[in-house]
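Undergrad: Below is the file entry.txt, which contains compact mmCIF, N, CA and C atoms and all ligand atoms.
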# COMPACT_ATOMS: atom_id res chain seq x y z
N MET A 1 92.09 80.20 119.97
CA MET A 1 91.87 80.45 118.54
C MET A 1 90.51 81.12 118.30
N VAL A 2 89.50 80.56 118.98
CA VAL A 2 88.16 81.11 118.80
C VAL A 2 88.14 82.57 119.25
N LYS A 3 88.81 82.81 120.38
CA LYS A 3 88.86 84.19 120.90
C LYS A 3 89.47 85.15 119.87
N VAL A 4 90.55 84.70 119.23
CA VAL A 4 91.23 85.53 118.23
C VAL A 4 90.28 85.83 117.08
N ALA A 5 89.57 84.79 116.65
CA ALA A 5 88.64 84.97 115.52
C ALA A 5 87.54 85.95 115.89
N VAL A 6 87.01 85.80 117.11
CA VAL A 6 85.95 86.71 117.55
C VAL A 6 86.46 88.14 117.60
N LEU A 7 87.66 88.29 118.15
CA LEU A 7 88.24 89.64 118.24
C LEU A 7 88.46 90.22 116.84
N ALA A 8 88.93 89.37 115.91
CA ALA A 8 89.18 89.84 114.55
C ALA A 8 87.88 90.32 113.90
N ILE A 9 86.80 89.56 114.15
CA ILE A 9 85.50 89.93 113.56
C ILE A 9 85.02 91.25 114.17
N ILE A 10 85.16 91.37 115.50
CA ILE A 10 84.74 92.61 116.16
C ILE A 10 85.55 93.78 115.59
N PHE A 11 86.85 93.55 115.43
CA PHE A 11 87.71 94.61 114.91
C PHE A 11 87.26 95.04 113.50
N LEU A 12 86.91 94.05 112.69
CA LEU A 12 86.47 94.36 111.32
C LEU A 12 85.21 95.24 111.34
N PHE A 13 84.28 94.90 112.26
CA PHE A 13 83.06 95.69 112.34
C PHE A 13 83.33 97.12 112.81
N ILE A 14 84.31 97.24 113.70
CA ILE A 14 84.62 98.58 114.21
C ILE A 14 85.34 99.40 113.15
N SER A 15 86.24 98.76 112.40
CA SER A 15 87.07 99.53 111.46
C SER A 15 86.38 99.76 110.12
N ALA A 16 85.46 98.87 109.72
CA ALA A 16 84.84 98.99 108.40
C ALA A 16 84.16 100.35 108.15
N PRO A 17 83.39 100.86 109.12
CA PRO A 17 82.72 102.15 108.83
C PRO A 17 83.69 103.27 108.48
N HIS A 18 84.90 103.21 109.03
CA HIS A 18 85.88 104.25 108.71
C HIS A 18 86.30 104.17 107.25
N VAL A 19 86.47 102.94 106.78
CA VAL A 19 86.86 102.73 105.38
C VAL A 19 85.79 103.34 104.49
N PHE A 20 84.52 103.03 104.82
CA PHE A 20 83.45 103.54 103.98
C PHE A 20 83.27 105.04 104.16
N ALA A 21 83.52 105.51 105.38
CA ALA A 21 83.34 106.94 105.64
C ALA A 21 84.28 107.75 104.77
N ASP A 22 85.49 107.28 104.57
CA ASP A 22 86.43 108.00 103.73
C ASP A 22 85.93 108.14 102.30
N ALA A 23 85.45 107.02 101.73
CA ALA A 23 84.95 107.07 100.37
C ALA A 23 83.71 107.95 100.29
N ALA A 24 82.88 107.90 101.34
CA ALA A 24 81.67 108.73 101.35
C ALA A 24 82.04 110.21 101.44
N ALA A 25 83.04 110.52 102.26
CA ALA A 25 83.51 111.90 102.36
C ALA A 25 84.08 112.33 101.00
N GLY A 26 84.80 111.43 100.36
CA GLY A 26 85.38 111.71 99.05
C GLY A 26 84.32 112.00 98.01
N LYS A 27 83.21 111.28 98.10
CA LYS A 27 82.11 111.49 97.14
C LYS A 27 81.55 112.90 97.29
N ALA A 28 81.42 113.34 98.55
CA ALA A 28 80.90 114.69 98.81
C ALA A 28 81.88 115.75 98.29
N ILE A 29 83.16 115.50 98.47
CA ILE A 29 84.17 116.44 97.97
C ILE A 29 84.12 116.49 96.44
N PHE A 30 83.97 115.32 95.84
CA PHE A 30 83.88 115.21 94.37
C PHE A 30 82.74 116.08 93.83
N LYS A 31 81.61 116.05 94.56
CA LYS A 31 80.43 116.79 94.08
C LYS A 31 80.50 118.27 94.42
N LYS A 32 80.90 118.59 95.67
CA LYS A 32 80.76 119.97 96.14
C LYS A 32 82.06 120.76 96.18
N ILE A 33 83.01 120.31 97.01
CA ILE A 33 84.17 121.16 97.28
C ILE A 33 85.08 121.26 96.05
N GLY A 34 85.42 120.10 95.49
CA GLY A 34 86.33 120.10 94.33
C GLY A 34 85.61 120.40 93.02
N LYS A 35 84.29 120.29 93.05
CA LYS A 35 83.46 120.47 91.86
C LYS A 35 83.95 119.61 90.70
N CYS A 36 84.51 118.46 91.05
CA CYS A 36 85.03 117.54 90.04
C CYS A 36 83.95 117.16 89.03
N LYS A 37 82.72 117.05 89.54
CA LYS A 37 81.67 116.56 88.65
C LYS A 37 81.30 117.58 87.56
N ASN A 38 81.74 118.83 87.72
CA ASN A 38 81.51 119.79 86.63
C ASN A 38 82.24 119.34 85.37
N CYS A 39 83.35 118.65 85.55
CA CYS A 39 84.18 118.27 84.40
C CYS A 39 84.29 116.77 84.18
N HIS A 40 83.95 115.97 85.18
CA HIS A 40 84.14 114.51 85.06
C HIS A 40 82.86 113.75 85.34
N LYS A 41 82.60 112.78 84.47
CA LYS A 41 81.55 111.80 84.77
C LYS A 41 82.20 110.62 85.50
N ILE A 42 81.41 109.90 86.30
CA ILE A 42 81.96 108.74 87.00
C ILE A 42 81.77 107.47 86.16
N THR A 43 81.26 107.63 84.96
CA THR A 43 81.19 106.52 84.01
C THR A 43 82.41 106.62 83.10
N ALA A 44 82.45 105.82 82.04
CA ALA A 44 83.58 105.86 81.11
C ALA A 44 83.45 107.02 80.12
N LYS A 45 82.30 107.71 80.16
CA LYS A 45 82.05 108.78 79.17
C LYS A 45 82.83 110.05 79.49
N ASP A 46 83.44 110.64 78.49
CA ASP A 46 84.17 111.89 78.68
C ASP A 46 83.22 113.07 78.80
N LYS A 47 83.65 114.09 79.56
CA LYS A 47 82.90 115.36 79.63
C LYS A 47 83.94 116.41 79.23
N VAL A 48 84.27 117.36 80.11
CA VAL A 48 85.41 118.25 79.84
C VAL A 48 86.70 117.43 79.98
N GLY A 49 86.73 116.61 81.03
CA GLY A 49 87.85 115.69 81.27
C GLY A 49 87.40 114.25 81.03
N PRO A 50 88.33 113.31 81.14
CA PRO A 50 88.00 111.91 80.90
C PRO A 50 86.99 111.35 81.91
N GLY A 51 86.17 110.40 81.47
CA GLY A 51 85.30 109.65 82.37
C GLY A 51 86.17 108.89 83.36
N LEU A 52 85.75 108.84 84.63
CA LEU A 52 86.65 108.30 85.65
C LEU A 52 86.37 106.85 86.06
N ALA A 53 85.49 106.16 85.33
CA ALA A 53 85.27 104.75 85.65
C ALA A 53 86.59 103.98 85.51
N GLY A 54 86.92 103.19 86.51
CA GLY A 54 88.14 102.36 86.47
C GLY A 54 89.43 103.14 86.59
N ILE A 55 89.36 104.41 87.00
CA ILE A 55 90.56 105.26 87.06
C ILE A 55 91.66 104.66 87.93
N SER A 56 91.29 104.05 89.08
CA SER A 56 92.35 103.54 89.97
C SER A 56 93.03 102.31 89.39
N LYS A 57 92.43 101.73 88.33
CA LYS A 57 93.09 100.59 87.68
C LYS A 57 94.09 101.07 86.64
N ARG A 58 93.86 102.26 86.06
CA ARG A 58 94.84 102.72 85.07
C ARG A 58 95.89 103.67 85.66
N ALA A 59 95.53 104.45 86.68
CA ALA A 59 96.50 105.41 87.24
C ALA A 59 96.96 104.94 88.62
N PRO A 60 98.27 104.97 88.90
CA PRO A 60 98.75 104.58 90.24
C PRO A 60 98.23 105.54 91.32
N GLU A 61 98.00 105.00 92.53
CA GLU A 61 97.49 105.81 93.64
C GLU A 61 98.38 107.02 93.92
N LYS A 62 99.69 106.79 93.88
CA LYS A 62 100.64 107.87 94.15
C LYS A 62 100.48 109.00 93.12
N TRP A 63 100.26 108.62 91.87
CA TRP A 63 100.08 109.61 90.81
C TRP A 63 98.79 110.40 91.06
N LEU A 64 97.71 109.69 91.42
CA LEU A 64 96.42 110.36 91.65
C LEU A 64 96.54 111.42 92.75
N LYS A 65 97.25 111.06 93.84
CA LYS A 65 97.40 112.00 94.95
C LYS A 65 98.22 113.22 94.52
N ALA A 66 99.28 112.98 93.78
CA ALA A 66 100.12 114.09 93.32
C ALA A 66 99.34 114.99 92.35
N TRP A 67 98.54 114.36 91.50
CA TRP A 67 97.74 115.09 90.51
C TRP A 67 96.72 116.00 91.19
N LEU A 68 96.10 115.47 92.27
CA LEU A 68 95.07 116.26 92.95
C LEU A 68 95.69 117.35 93.82
N LYS A 69 96.95 117.19 94.17
CA LYS A 69 97.64 118.19 94.99
C LYS A 69 98.16 119.32 94.09
N ASP A 70 98.79 118.95 92.99
CA ASP A 70 99.40 119.97 92.13
C ASP A 70 99.52 119.43 90.69
N SER A 71 98.42 119.58 89.94
CA SER A 71 98.43 118.96 88.61
C SER A 71 99.40 119.65 87.65
N LEU A 72 99.64 120.95 87.86
CA LEU A 72 100.59 121.64 86.97
C LEU A 72 102.00 121.04 87.12
N ALA A 73 102.40 120.81 88.37
CA ALA A 73 103.74 120.23 88.62
C ALA A 73 103.84 118.83 88.01
N VAL A 74 102.77 118.04 88.18
CA VAL A 74 102.77 116.67 87.63
C VAL A 74 102.83 116.73 86.10
N TRP A 75 102.10 117.67 85.53
CA TRP A 75 102.04 117.83 84.07
C TRP A 75 103.42 118.18 83.53
N LYS A 76 104.06 119.12 84.23
CA LYS A 76 105.39 119.58 83.79
C LYS A 76 106.46 118.50 83.97
N ALA A 77 106.37 117.71 85.06
CA ALA A 77 107.36 116.67 85.31
C ALA A 77 107.33 115.62 84.19
N ASN A 78 106.14 115.43 83.59
CA ASN A 78 106.02 114.64 82.38
C ASN A 78 106.63 113.24 82.50
N GLU A 79 106.23 112.53 83.56
CA GLU A 79 106.79 111.19 83.78
C GLU A 79 105.66 110.18 83.97
N GLY A 80 105.98 108.93 83.76
CA GLY A 80 105.10 107.82 84.10
C GLY A 80 103.70 107.97 83.52
N TYR A 81 102.69 107.88 84.40
CA TYR A 81 101.30 107.88 83.92
C TYR A 81 100.93 109.18 83.20
N THR A 82 101.61 110.28 83.52
CA THR A 82 101.29 111.56 82.86
C THR A 82 101.45 111.44 81.34
N ILE A 83 102.47 110.70 80.92
CA ILE A 83 102.72 110.52 79.49
C ILE A 83 101.55 109.77 78.83
N THR A 84 101.07 108.74 79.54
CA THR A 84 99.91 107.97 79.06
C THR A 84 98.68 108.88 78.96
N LEU A 85 98.47 109.68 80.02
CA LEU A 85 97.30 110.57 80.05
C LEU A 85 97.36 111.59 78.91
N LYS A 86 98.51 112.20 78.71
CA LYS A 86 98.64 113.21 77.65
C LYS A 86 98.33 112.60 76.27
N LYS A 87 98.78 111.38 76.08
CA LYS A 87 98.47 110.69 74.81
C LYS A 87 96.98 110.45 74.70
N ALA A 88 96.38 109.98 75.81
CA ALA A 88 94.96 109.64 75.80
C ALA A 88 94.09 110.86 75.51
N VAL A 89 94.49 112.03 76.03
CA VAL A 89 93.67 113.23 75.82
C VAL A 89 94.22 114.08 74.66
N ASP A 90 95.26 113.55 73.99
CA ASP A 90 95.81 114.17 72.80
C ASP A 90 96.31 115.60 73.08
N LYS A 91 97.04 115.77 74.20
CA LYS A 91 97.55 117.09 74.56
C LYS A 91 99.04 117.00 74.86
N GLU A 92 99.74 116.25 74.02
CA GLU A 92 101.16 116.03 74.30
C GLU A 92 101.99 117.30 74.25
N SER A 93 101.55 118.32 73.48
CA SER A 93 102.37 119.52 73.35
C SER A 93 101.87 120.69 74.20
N LYS A 94 100.77 120.48 74.96
CA LYS A 94 100.23 121.57 75.78
C LYS A 94 101.10 121.81 77.03
N PRO A 95 101.44 123.08 77.32
CA PRO A 95 102.28 123.35 78.49
C PRO A 95 101.54 123.24 79.83
N LYS A 96 100.19 123.38 79.80
CA LYS A 96 99.44 123.35 81.07
C LYS A 96 98.27 122.37 80.99
N PRO A 97 97.94 121.76 82.12
CA PRO A 97 96.77 120.87 82.11
C PRO A 97 95.47 121.68 82.07
N ALA A 98 94.42 121.11 81.48
CA ALA A 98 93.11 121.76 81.48
C ALA A 98 92.35 121.40 82.75
N HIS A 99 92.92 120.50 83.52
CA HIS A 99 92.34 120.06 84.79
C HIS A 99 92.58 121.16 85.82
N LYS A 100 91.48 121.78 86.27
CA LYS A 100 91.65 122.90 87.20
C LYS A 100 90.73 122.74 88.39
N VAL A 101 91.31 122.56 89.58
CA VAL A 101 90.52 122.47 90.80
C VAL A 101 90.70 123.78 91.54
N LYS A 102 89.60 124.52 91.70
CA LYS A 102 89.72 125.85 92.31
C LYS A 102 89.97 125.79 93.80
N ALA A 103 89.27 124.83 94.50
CA ALA A 103 89.46 124.72 95.95
C ALA A 103 90.81 124.07 96.23
N LYS A 104 91.52 124.60 97.23
CA LYS A 104 92.78 123.97 97.63
C LYS A 104 92.42 122.82 98.56
N LEU A 105 92.74 121.61 98.16
CA LEU A 105 92.34 120.45 98.95
C LEU A 105 93.42 120.06 99.95
N SER A 106 92.99 119.68 101.16
CA SER A 106 93.94 119.23 102.18
C SER A 106 94.36 117.79 101.86
N ASP A 107 95.44 117.33 102.49
CA ASP A 107 95.88 115.95 102.28
C ASP A 107 94.77 114.97 102.66
N ARG A 108 94.07 115.28 103.75
CA ARG A 108 92.97 114.43 104.20
C ARG A 108 91.88 114.34 103.11
N GLN A 109 91.54 115.51 102.54
CA GLN A 109 90.51 115.53 101.50
C GLN A 109 90.96 114.76 100.26
N ILE A 110 92.25 114.89 99.94
CA ILE A 110 92.79 114.17 98.79
C ILE A 110 92.74 112.66 99.03
N ASN A 111 93.09 112.22 100.26
CA ASN A 111 93.01 110.79 100.59
C ASN A 111 91.58 110.28 100.48
N ASP A 112 90.63 111.07 100.98
CA ASP A 112 89.22 110.67 100.89
C ASP A 112 88.78 110.58 99.42
N LEU A 113 89.21 111.57 98.63
CA LEU A 113 88.85 111.58 97.21
C LEU A 113 89.39 110.34 96.51
N VAL A 114 90.65 110.00 96.80
CA VAL A 114 91.26 108.84 96.14
C VAL A 114 90.55 107.56 96.59
N ASP A 115 90.13 107.50 97.87
CA ASP A 115 89.35 106.34 98.32
C ASP A 115 88.05 106.24 97.52
N TYR A 116 87.46 107.39 97.24
CA TYR A 116 86.23 107.39 96.44
C TYR A 116 86.53 106.98 94.99
N LEU A 117 87.61 107.50 94.43
CA LEU A 117 87.96 107.16 93.04
C LEU A 117 88.16 105.65 92.88
N LYS A 118 88.65 104.99 93.97
CA LYS A 118 88.87 103.54 93.91
C LYS A 118 87.56 102.77 93.78
N THR A 119 86.45 103.39 94.13
CA THR A 119 85.17 102.69 94.04
C THR A 119 84.55 102.82 92.64
N LEU A 120 85.16 103.63 91.77
CA LEU A 120 84.57 103.89 90.45
C LEU A 120 84.99 102.84 89.42
C1 LIG B 201 87.73 122.51 84.84
C2 LIG B 201 87.50 121.11 84.59
C3 LIG B 201 88.02 120.09 85.57
C4 LIG B 201 87.80 120.03 86.94
C5 LIG B 201 87.01 121.01 87.82
C6 LIG B 201 88.44 118.83 87.39
N1 LIG B 201 89.07 118.20 86.35
FE1 LIG B 201 90.12 116.44 86.45
N2 LIG B 201 90.66 116.64 84.50
C7 LIG B 201 90.19 117.61 83.62
C8 LIG B 201 90.81 117.42 82.32
C9 LIG B 201 90.56 118.27 81.09
C10 LIG B 201 91.65 116.28 82.45
C11 LIG B 201 92.56 115.66 81.36
C12 LIG B 201 93.97 116.20 81.46
C13 LIG B 201 94.06 117.66 81.07
O1 LIG B 201 93.79 117.99 79.93
O2 LIG B 201 94.35 118.47 81.94
C14 LIG B 201 91.52 115.82 83.83
C15 LIG B 201 92.16 114.69 84.35
C16 LIG B 201 91.85 114.11 85.54
C17 LIG B 201 92.28 112.79 85.96
C18 LIG B 201 93.08 111.79 85.13
C19 LIG B 201 92.06 111.08 84.25
C20 LIG B 201 92.58 109.90 83.49
O3 LIG B 201 91.82 109.34 82.68
O4 LIG B 201 93.71 109.51 83.69
C21 LIG B 201 91.75 112.58 87.20
C22 LIG B 201 91.90 111.35 88.06
C23 LIG B 201 91.00 113.76 87.55
N3 LIG B 201 91.10 114.68 86.53
C24 LIG B 201 90.30 113.90 88.75
C25 LIG B 201 89.65 115.07 89.13
C26 LIG B 201 89.08 115.29 90.45
C27 LIG B 201 89.05 114.25 91.55
C28 LIG B 201 88.61 116.57 90.46
C29 LIG B 201 88.02 117.34 91.61
C30 LIG B 201 88.88 117.54 92.77
C31 LIG B 201 88.82 117.12 89.13
N4 LIG B 201 89.46 116.18 88.37
C32 LIG B 201 88.43 118.39 88.71
C33 LIG B 201 89.29 118.61 83.94
C34 LIG B 201 88.84 118.93 85.22
With the file now loaded, output its structure as C-alpha cells.

TA:
Amino acid sequence: MVKVAVLAIIFLFISAPHVFADAAAGKAIFKKIGKCKNCHKITAKDKVGPGLAGISKRAPEKWLKAWLKDSLAVWKANEGYTITLKKAVDKESKPKPAHKVKAKLSDRQINDLVDYLKTL
C-alpha cells in the first residue's frame, strides 16, 4: 500500500507540470498568437467582447473548442450555449459573430487555450 501511495505521489509530481504547462502555453496564445486580449479582458468587464472571468463555468468545454475552431459555423448552427451568448451580447439577429481570430489555431493550441480559460 505504501509503495502504491509513493508511486502515486511521484506520478503526480511528474504529471503536474504538464497540466500547468498547457495553461501557461494557452496564456501566451491568448496574448500573442490569437490576440484575444485585444478584444477580451480576463476579468468580468466587457471590452469589444465579453469579459472572460468564469467563462468555463458558463460555457461547456466542447462549445469553447468549437467556437475557437470555427466561430462562424457555431454562430450559424445556433444551438445550446450559442443562444445564451447571443442573448447576452444582444445580437440575436446578427448573421455573423463579431468574434474574429485572425490566426488559424491548431487543435493543440485550442486545447491549451481552453486549459487557460478554465483558470479564469
Ligand atoms: C476582434 C475582436 C475579438 C477577438 C480578436 C477575439 N474575440 Fe472572442 N469574442 C468577441 C466578441 C465580440 C464576442 C461576443 C460574440 C460576438 O459578438 O461575436 C466574443 C466571444 C467570445 C467567447 C464567448 C464569451 C462568453 O461570454 O460566452 C469566448 C470564450 C471568446 N470570445 C474567446 C476568445 C479567445 C480565446 C480569443 C483568442 C483566440 C478571442 N476570443 C478573440 C471578440 C473577439

Undergrad: Show me which residues sit within 6 Å of ligand LIG 201 (chain B) when counting only C-alpha atoms and all ligand atoms, and put them as a PyMOL selection string.

TA: chain A and resi 30+34-36+38-39+48-50+64+85+97-101

Undergrad: What does the distance from atom C of A:Asp70 to atom N of A:Lys86 come to in Å, to one decimal?

TA: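 These two atoms are separated by 14.0 Å.
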
Undergrad: So which residues of stretch 17-92 of chain A fall under alpha helix (DSSP H) by DSSP, listed as an MDAnalysis selection string?

TA: chainID A and resid 17:28 55:58 61:69 71:77 81:88

Undergrad: What gap, in Å, lies between atom N of A:Lys37 and atom C of A:Leu52?

TA: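 Atom N of A:Lys37 sits 11.4 Å away from atom C of A:Leu52.
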
Undergrad: If we count only C-alpha atoms and set the cut-off at 8 Å, which residues sit around stretch 104-107 of chain A, ignoring sequence neighbours fewer than 4 positions away in its own chain? Please answer as a PyMOL selection string.

TA: chain A and resi 34+68-69+111

Undergrad: Could you write out the selected residues, including N, CA and C atoms, as a PDB file, keeping the file's coordinate frame?

TA:
ATOM      1  N   GLY A  34      85.420 120.100  95.490  1.00  0.00           N
ATOM      2  CA  GLY A  34      86.330 120.100  94.330  1.00  0.00           C
ATOM      3  C   GLY A  34      85.610 120.400  93.020  1.00  0.00           C
ATOM      4  N   LEU A  68      96.100 115.470  92.270  1.00  0.00           N
ATOM      5  CA  LEU A  68      95.070 116.260  92.950  1.00  0.00           C
ATOM      6  C   LEU A  68      95.690 117.350  93.820  1.00  0.00           C
ATOM      7  N   LYS A  69      96.950 117.190  94.170  1.00  0.00           N
ATOM      8  CA  LYS A  69      97.640 118.190  94.990  1.00  0.00           C
ATOM      9  C   LYS A  69      98.160 119.320  94.090  1.00  0.00           C
ATOM     10  N   ASN A 111      93.090 112.220 100.260  1.00  0.00           N
ATOM     11  CA  ASN A 111      93.010 110.790 100.590  1.00  0.00           C
ATOM     12  C   ASN A 111      91.580 110.280 100.480  1.00  0.00           C
TER      13      ASN A 111
END

Undergrad: Skip stretch 72-84 of chain A itself and residues of its chain fewer than 5 positions away, then list as number ranges by chain all residues within 8 Å of it, counting all atoms listed in the file.

TA: A: 58-60, 63, 66-67, 89-90, 92, 94-97, 99

Undergrad: Between atom CA of A:Ile42 and atom CA of A:Lys62, measure the distance and give it in Å to one decimal.

TA: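 Atom CA of A:Lys62 lies at a distance of 20.0 Å from atom CA of A:Ile42.
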
Undergrad: Which is closer to A:Leu117 than all the others in A:Lys87, A:Lys65, A:Lys32, A:Lys47, using only C-alpha atoms?

TA: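 Smallest distance to A:Leu117 is found for A:Lys65.
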
Undergrad: Please, which residues are within 10 Å of (92.2, 105.4, 97.7) by the file's coordinates, counting only C-alpha atoms, and could they come as a PyMOL selection string?

TA: chain A and resi 19+22-23+26+56+60-62+64-65+110-119
